[in-house]
Amino acid sequence: MKYLLLIAIIITCSCNKTSDIQIPSTMKPLTGFNLKWRNLPPVSNQQMINNIKLLKPKILRYPGGSITHDWNWQAGLPTIPLSNDVYHPITDLKLMQQQTGADILFVLDVVHRTVEDQIQMMQAAQIPVKYIELGNELYSDDFLSSFPTAKEYADTVNAWVPKIKAVFPDAKISVVMIGKTVSPTQKPRQYNWNTLLNNNILVPVQAYSYHIYVDTSETVAQRIARFEPVFIQSSDKEVWITEYSSYDDVIEHIFELADYVDSISNISMNHTLFNLQGRYSKLTDDGNALTAEGQAFVMRVNQ
């Protein structure tokens with residue numbers, strides 16, 4: 001009965017409208033997952049790896065979202081570890097990539113680390129460096145002191161990109177855009193973030209990244225309507241949605257959003273592959289089994 005319900009969900013969610021937005025490429029998107037490395041069970045857990053392979057990720061994110069700006073890659077732990085954090089040396093990244101076949105999207109700490117340090121991190125991984133994001137949700141008020149406006153972030157982008165390209169010339173680099181409309185009076189910094197950033201980047205970047213989460217008080221269609229006005233469509237920029245989900249945890253809503261995200265993006269990453277206590281997670285806390293959401297996603301990737 002559970003699996004019949006999941007099949008019904010997938011069939012129901014395959015009939016959504018197609019957005020008028022056109023991605024700047026006819027290729028199918030790289031689909032995968034954001035991944036919180038801080039709590040992930042050891043990569044040596046072969047049952048966990050087998051479960052991840054069932055999900056068929058084409059791309060995984062390292063070291064994750066908000067943890068990016070609190071991650072000590074040399075130590076393989078957050079800067080201030082908690083009791084449930086799991087040690088993940090940089091060599092684990094190569095093991096994950098080799099065992100799953102997924103590409104890795106590196107999210108760089110542009111707040112607390114130097115570009116030289118982050119280049120060293122990517123070199124130490126000893127895997128192909130194909131995709132790079134310069135930070136995570138930097139429009140958040142958490143980063144007000146580092147980037148008072150998007151202009152200061154653009155200055156960092158302009159300084160970092162040439163140095164990264166000198167070492168990884170073939171890597172695609174994305175910058176952080178906001179994925180929702182906000183009030184110009186209540187949140188002026190976020191209101192003009194995308195426009196200011198777009199106007200002040202002076203170096204070639206290959207993509208713009210967005211996050212889309214559906215609030216509990218809105219429908220997926222309403223959330224899309226809050227995204228499209230701030231979406232900057234450019235013929236020479238890829239669209240990376242590096243986190244998406246629904247706060248109400250309803251599979252139908254997540255899949256409705258997934259259909260939309262897949263239709264407009266070059267990279268489509270659900271939030272998240274692993275999370276303690278199950279919320280958003282595709283794996284149980286020990287990694288040894290799939291959650292109900294994980295089972296649904298397995299069926300989705302096989303349809």
# chains A, B, ... in the order shown; residues from 1 in each chain; ligands from 1

$ residues_around --residues "segment 157-169 of chain A" --least-positions-apart "5" --cutoff "7 Å" --atoms "only C-alpha atoms" --output "ChimeraX atom specification"
/A:115,119,129,201-203

$ write_last_selection --atoms "N, CA, C and O atoms" --output "PDB file, in the first residue's frame"
ATOM      1  N   VAL A 115      40.950  32.967  -0.621  1.00  0.00           N
ATOM      2  CA  VAL A 115      40.810  32.217  -1.863  1.00  0.00           C
ATOM      3  C   VAL A 115      41.912  31.174  -1.985  1.00  0.00           C
ATOM      4  O   VAL A 115      41.691  30.064  -2.494  1.00  0.00           O
ATOM      5  N   ILE A 119      41.239  27.210  -2.614  1.00  0.00           N
ATOM      6  CA  ILE A 119      41.876  26.517  -3.742  1.00  0.00           C
ATOM      7  C   ILE A 119      42.625  25.292  -3.236  1.00  0.00           C
ATOM      8  O   ILE A 119      42.559  24.207  -3.829  1.00  0.00           O
ATOM      9  N   VAL A 129      37.449  19.167 -10.486  1.00  0.00           N
ATOM     10  CA  VAL A 129      36.745  20.354  -9.983  1.00  0.00           C
ATOM     11  C   VAL A 129      35.977  20.949 -11.155  1.00  0.00           C
ATOM     12  O   VAL A 129      36.541  21.636 -12.006  1.00  0.00           O
ATOM     13  N   ILE A 201      29.419  42.684 -11.206  1.00  0.00           N
ATOM     14  CA  ILE A 201      30.368  41.611 -11.511  1.00  0.00           C
ATOM     15  C   ILE A 201      31.123  41.964 -12.788  1.00  0.00           C
ATOM     16  O   ILE A 201      30.513  42.186 -13.841  1.00  0.00           O
ATOM     17  N   LEU A 202      32.426  42.004 -12.692  1.00  0.00           N
ATOM     18  CA  LEU A 202      33.269  42.443 -13.805  1.00  0.00           C
ATOM     19  C   LEU A 202      34.064  41.301 -14.425  1.00  0.00           C
ATOM     20  O   LEU A 202      34.821  41.528 -15.370  1.00  0.00           O
ATOM     21  N   VAL A 203      33.895  40.111 -13.908  1.00  0.00           N
ATOM     22  CA  VAL A 203      34.643  38.944 -14.396  1.00  0.00           C
ATOM     23  C   VAL A 203      33.639  37.902 -14.896  1.00  0.00           C
ATOM     24  O   VAL A 203      32.481  37.895 -14.470  1.00  0.00           O
TER      25      VAL A 203
END

$ residues_around --residues "segment 120-128 of chain A" --least-positions-apart "5" --cutoff "7 Å" --atoms "only C-alpha atoms" --output "ChimeraX atom specification"
/A:73,90-91,93-94

$ write_last_selection --atoms "all heavy atoms" --output "CSV table (one decimal), in the first residue's frame"
chain,number,residue,atom,x,y,z
A,73,TRP,N,37.9,22.5,6.8
A,73,TRP,CA,38.1,21.3,5.9
A,73,TRP,C,39.4,20.6,6.3
A,73,TRP,O,39.5,19.4,6.2
A,73,TRP,CB,38.2,21.7,4.5
A,73,TRP,CG,39.4,22.6,4.1
A,73,TRP,CD1,39.4,24.0,4.0
A,73,TRP,CD2,40.7,22.1,3.6
A,73,TRP,NE1,40.7,24.4,3.6
A,73,TRP,CE2,41.4,23.3,3.4
A,73,TRP,CE3,41.2,20.9,3.4
A,73,TRP,CZ2,42.8,23.2,2.9
A,73,TRP,CZ3,42.5,20.8,3.0
A,73,TRP,CH2,43.3,22.0,2.7
A,90,ILE,N,39.1,15.4,4.2
A,90,ILE,CA,38.8,15.8,2.8
A,90,ILE,C,38.9,14.6,1.9
A,90,ILE,O,38.3,14.5,0.8
A,90,ILE,CB,39.8,16.9,2.3
A,90,ILE,CG1,39.5,17.5,1.0
A,90,ILE,CG2,41.3,16.4,2.3
A,90,ILE,CD1,38.2,18.3,1.0
A,91,THR,N,39.6,13.5,2.3
A,91,THR,CA,39.7,12.3,1.5
A,91,THR,C,38.4,11.6,1.4
A,91,THR,O,38.2,10.8,0.4
A,91,THR,CB,40.7,11.3,2.2
A,91,THR,OG1,40.4,11.2,3.6
A,91,THR,CG2,42.2,11.9,2.0
A,93,LEU,N,35.7,13.0,0.5
A,93,LEU,CA,35.1,13.5,-0.7
A,93,LEU,C,35.4,12.7,-1.9
A,93,LEU,O,34.5,12.4,-2.7
A,93,LEU,CB,35.5,14.9,-0.9
A,93,LEU,CG,34.6,15.8,-1.7
A,93,LEU,CD1,33.2,15.8,-1.2
A,93,LEU,CD2,35.1,17.3,-1.7
A,94,LYS,N,36.6,12.2,-2.0
A,94,LYS,CA,37.0,11.4,-3.1
A,94,LYS,C,36.4,10.0,-3.0
A,94,LYS,O,35.9,9.5,-4.1
A,94,LYS,CB,38.6,11.2,-3.1
A,94,LYS,CG,39.1,10.5,-4.3
A,94,LYS,CD,40.6,10.5,-4.4
A,94,LYS,CE,41.1,9.7,-5.6
A,94,LYS,NZ,42.6,9.8,-5.7

$ select_by_dssp --residues "segment 31-64 of chain A" --states "helix (DSSP H, G or I)" --output "mmCIF file with N, CA and C atoms, in the first residue's frame"
data_model
loop_
_atom_site.group_PDB
_atom_site.id
_atom_site.type_symbol
_atom_site.label_atom_id
_atom_site.label_comp_id
_atom_site.auth_asym_id
_atom_site.auth_seq_id
_atom_site.Cartn_x
_atom_site.Cartn_y
_atom_site.Cartn_z
ATOM 1 N N GLN A 46 29.095 1.004 3.930
ATOM 2 C CA GLN A 46 28.745 0.583 2.575
ATOM 3 C C GLN A 46 27.245 0.515 2.358
ATOM 4 N N GLN A 47 26.482 0.198 3.405
ATOM 5 C CA GLN A 47 25.029 0.184 3.254
ATOM 6 C C GLN A 47 24.516 1.581 2.946
ATOM 7 N N MET A 48 25.081 2.595 3.589
ATOM 8 C CA MET A 48 24.697 3.972 3.296
ATOM 9 C C MET A 48 25.025 4.321 1.850
ATOM 10 N N ILE A 49 26.210 3.967 1.408
ATOM 11 C CA ILE A 49 26.607 4.247 0.021
ATOM 12 C C ILE A 49 25.657 3.565 -0.950
ATOM 13 N N ASN A 50 25.279 2.329 -0.661
ATOM 14 C CA ASN A 50 24.340 1.623 -1.527
ATOM 15 C C ASN A 50 22.999 2.344 -1.591
ATOM 16 N N ASN A 51 22.554 2.876 -0.467
ATOM 17 C CA ASN A 51 21.293 3.619 -0.448
ATOM 18 C C ASN A 51 21.402 4.917 -1.243
ATOM 19 N N ILE A 52 22.543 5.577 -1.131
ATOM 20 C CA ILE A 52 22.749 6.801 -1.911
ATOM 21 C C ILE A 52 22.725 6.484 -3.400
ATOM 22 N N LYS A 53 23.338 5.393 -3.778
ATOM 23 C CA LYS A 53 23.369 5.001 -5.194
ATOM 24 C C LYS A 53 21.971 4.719 -5.741
ATOM 25 N N LEU A 54 21.072 4.240 -4.876
ATOM 26 C CA LEU A 54 19.691 4.021 -5.304
ATOM 27 C C LEU A 54 19.022 5.328 -5.719
#

$ atom_distance --atom1 "atom CA of Gln186 of chain A" --atom2 "atom CA of Arg223 of chain A"
19.1 Å

$ closest_atom_pairs --of "segment 233-297 of chain A" --to "segment 104-114 of chain A" --cutoff "12 Å" --atoms "only C-alpha atoms" --output "CSV"
residue,atom,partner,partner_atom,distance
A:Trp240,CA,A:Leu105,CA,10.7
A:Ile241,CA,A:Leu105,CA,11.9
A:Thr242,CA,A:Leu105,CA,9.2
A:Ile267,CA,A:Leu105,CA,9.9
A:Ser268,CA,A:Leu105,CA,11.5
A:Met269,CA,A:Leu105,CA,10.2

$ closest_residue --among "A:Asn194, A:Thr216, A:Ser263, A:Ser234" --to "Ser246 of chain A" --atoms "only C-alpha atoms"
A:Thr216

$ atom_distance --atom1 "atom CA of Ala75 of chain A" --atom2 "atom CA of Leu95 of chain A"
17.0 Å

$ closest_residue --among "A:Ile224, A:Ala102, A:Leu144, A:Met299" --to "Tyr131 of chain A" --atoms "only C-alpha atoms"
A:Ala102

$ closest_residue --among "A:Phe33, A:Tyr213, A:Phe274, A:Tyr62" --to "Asp249 of chain A" --atoms "only C-alpha atoms"
A:Tyr213

$ closest_residue --among "A:Leu55, A:Tyr208, A:Gly76, A:Thr149" --to "Leu290 of chain A" --atoms "only C-alpha atoms"
A:Leu55

$ residues_around --residues "Phe147 of chain A" --least-positions-apart "6" --cutoff "10 Å" --atoms "only C-alpha atoms" --output "count of residues only"
10

$ residues_around --residues "Trp37 of chain A" --least-positions-apart "5" --cutoff "8 Å" --atoms "only C-alpha atoms" --output "ChimeraX atom specification"
/A:62-64,86,88

$ write_last_selection --atoms "all heavy atoms" --output "short mmCIF file (atom, residue, chain, number, x, y, z; two decimals), in the first residue's frame"
data_model
loop_
_atom_site.label_atom_id
_atom_site.label_comp_id
_atom_site.auth_asym_id
_atom_site.auth_seq_id
_atom_site.Cartn_x
_atom_site.Cartn_y
_atom_site.Cartn_z
N TYR A 62 29.23 20.11 -1.42
CA TYR A 62 30.20 20.03 -0.32
C TYR A 62 30.68 21.43 0.05
O TYR A 62 31.04 22.21 -0.84
CB TYR A 62 31.41 19.18 -0.73
CG TYR A 62 32.54 19.20 0.29
CD1 TYR A 62 32.56 18.28 1.34
CD2 TYR A 62 33.56 20.14 0.21
CE1 TYR A 62 33.59 18.30 2.27
CE2 TYR A 62 34.59 20.17 1.16
CZ TYR A 62 34.59 19.24 2.17
OH TYR A 62 35.61 19.27 3.11
N PRO A 63 30.74 21.78 1.36
CA PRO A 63 30.38 20.95 2.51
C PRO A 63 28.90 21.05 2.89
O PRO A 63 28.50 20.52 3.92
CB PRO A 63 31.25 21.54 3.61
CG PRO A 63 31.35 22.98 3.28
CD PRO A 63 31.40 23.03 1.77
N GLY A 64 28.11 21.72 2.07
CA GLY A 64 26.68 21.84 2.33
C GLY A 64 26.23 23.27 2.17
O GLY A 64 26.80 24.03 1.37
N VAL A 86 30.28 14.42 12.82
CA VAL A 86 31.05 13.26 12.39
C VAL A 86 32.29 13.74 11.63
O VAL A 86 32.21 14.61 10.77
CB VAL A 86 30.21 12.34 11.49
CG1 VAL A 86 31.03 11.15 11.01
CG2 VAL A 86 28.97 11.86 12.24
N HIS A 88 34.93 14.05 8.97
CA HIS A 88 35.01 13.76 7.55
C HIS A 88 36.24 14.46 6.95
O HIS A 88 36.16 15.62 6.54
CB HIS A 88 33.75 14.23 6.82
CG HIS A 88 32.57 13.32 7.01
ND1 HIS A 88 32.54 12.04 6.50
CD2 HIS A 88 31.40 13.50 7.66
CE1 HIS A 88 31.40 11.47 6.83
NE2 HIS A 88 30.69 12.33 7.54
#

$ select_by_dssp --residues "segment 132-232 of chain A" --states "strand (DSSP E or B)" --output "list in words"
Ile132, Glu133, Lys172, Ile173, Ser174, Val175, Val176, Ala207, Tyr208, Ser209, Tyr210, His211, Ile212, Tyr213 and Val214 of chain A
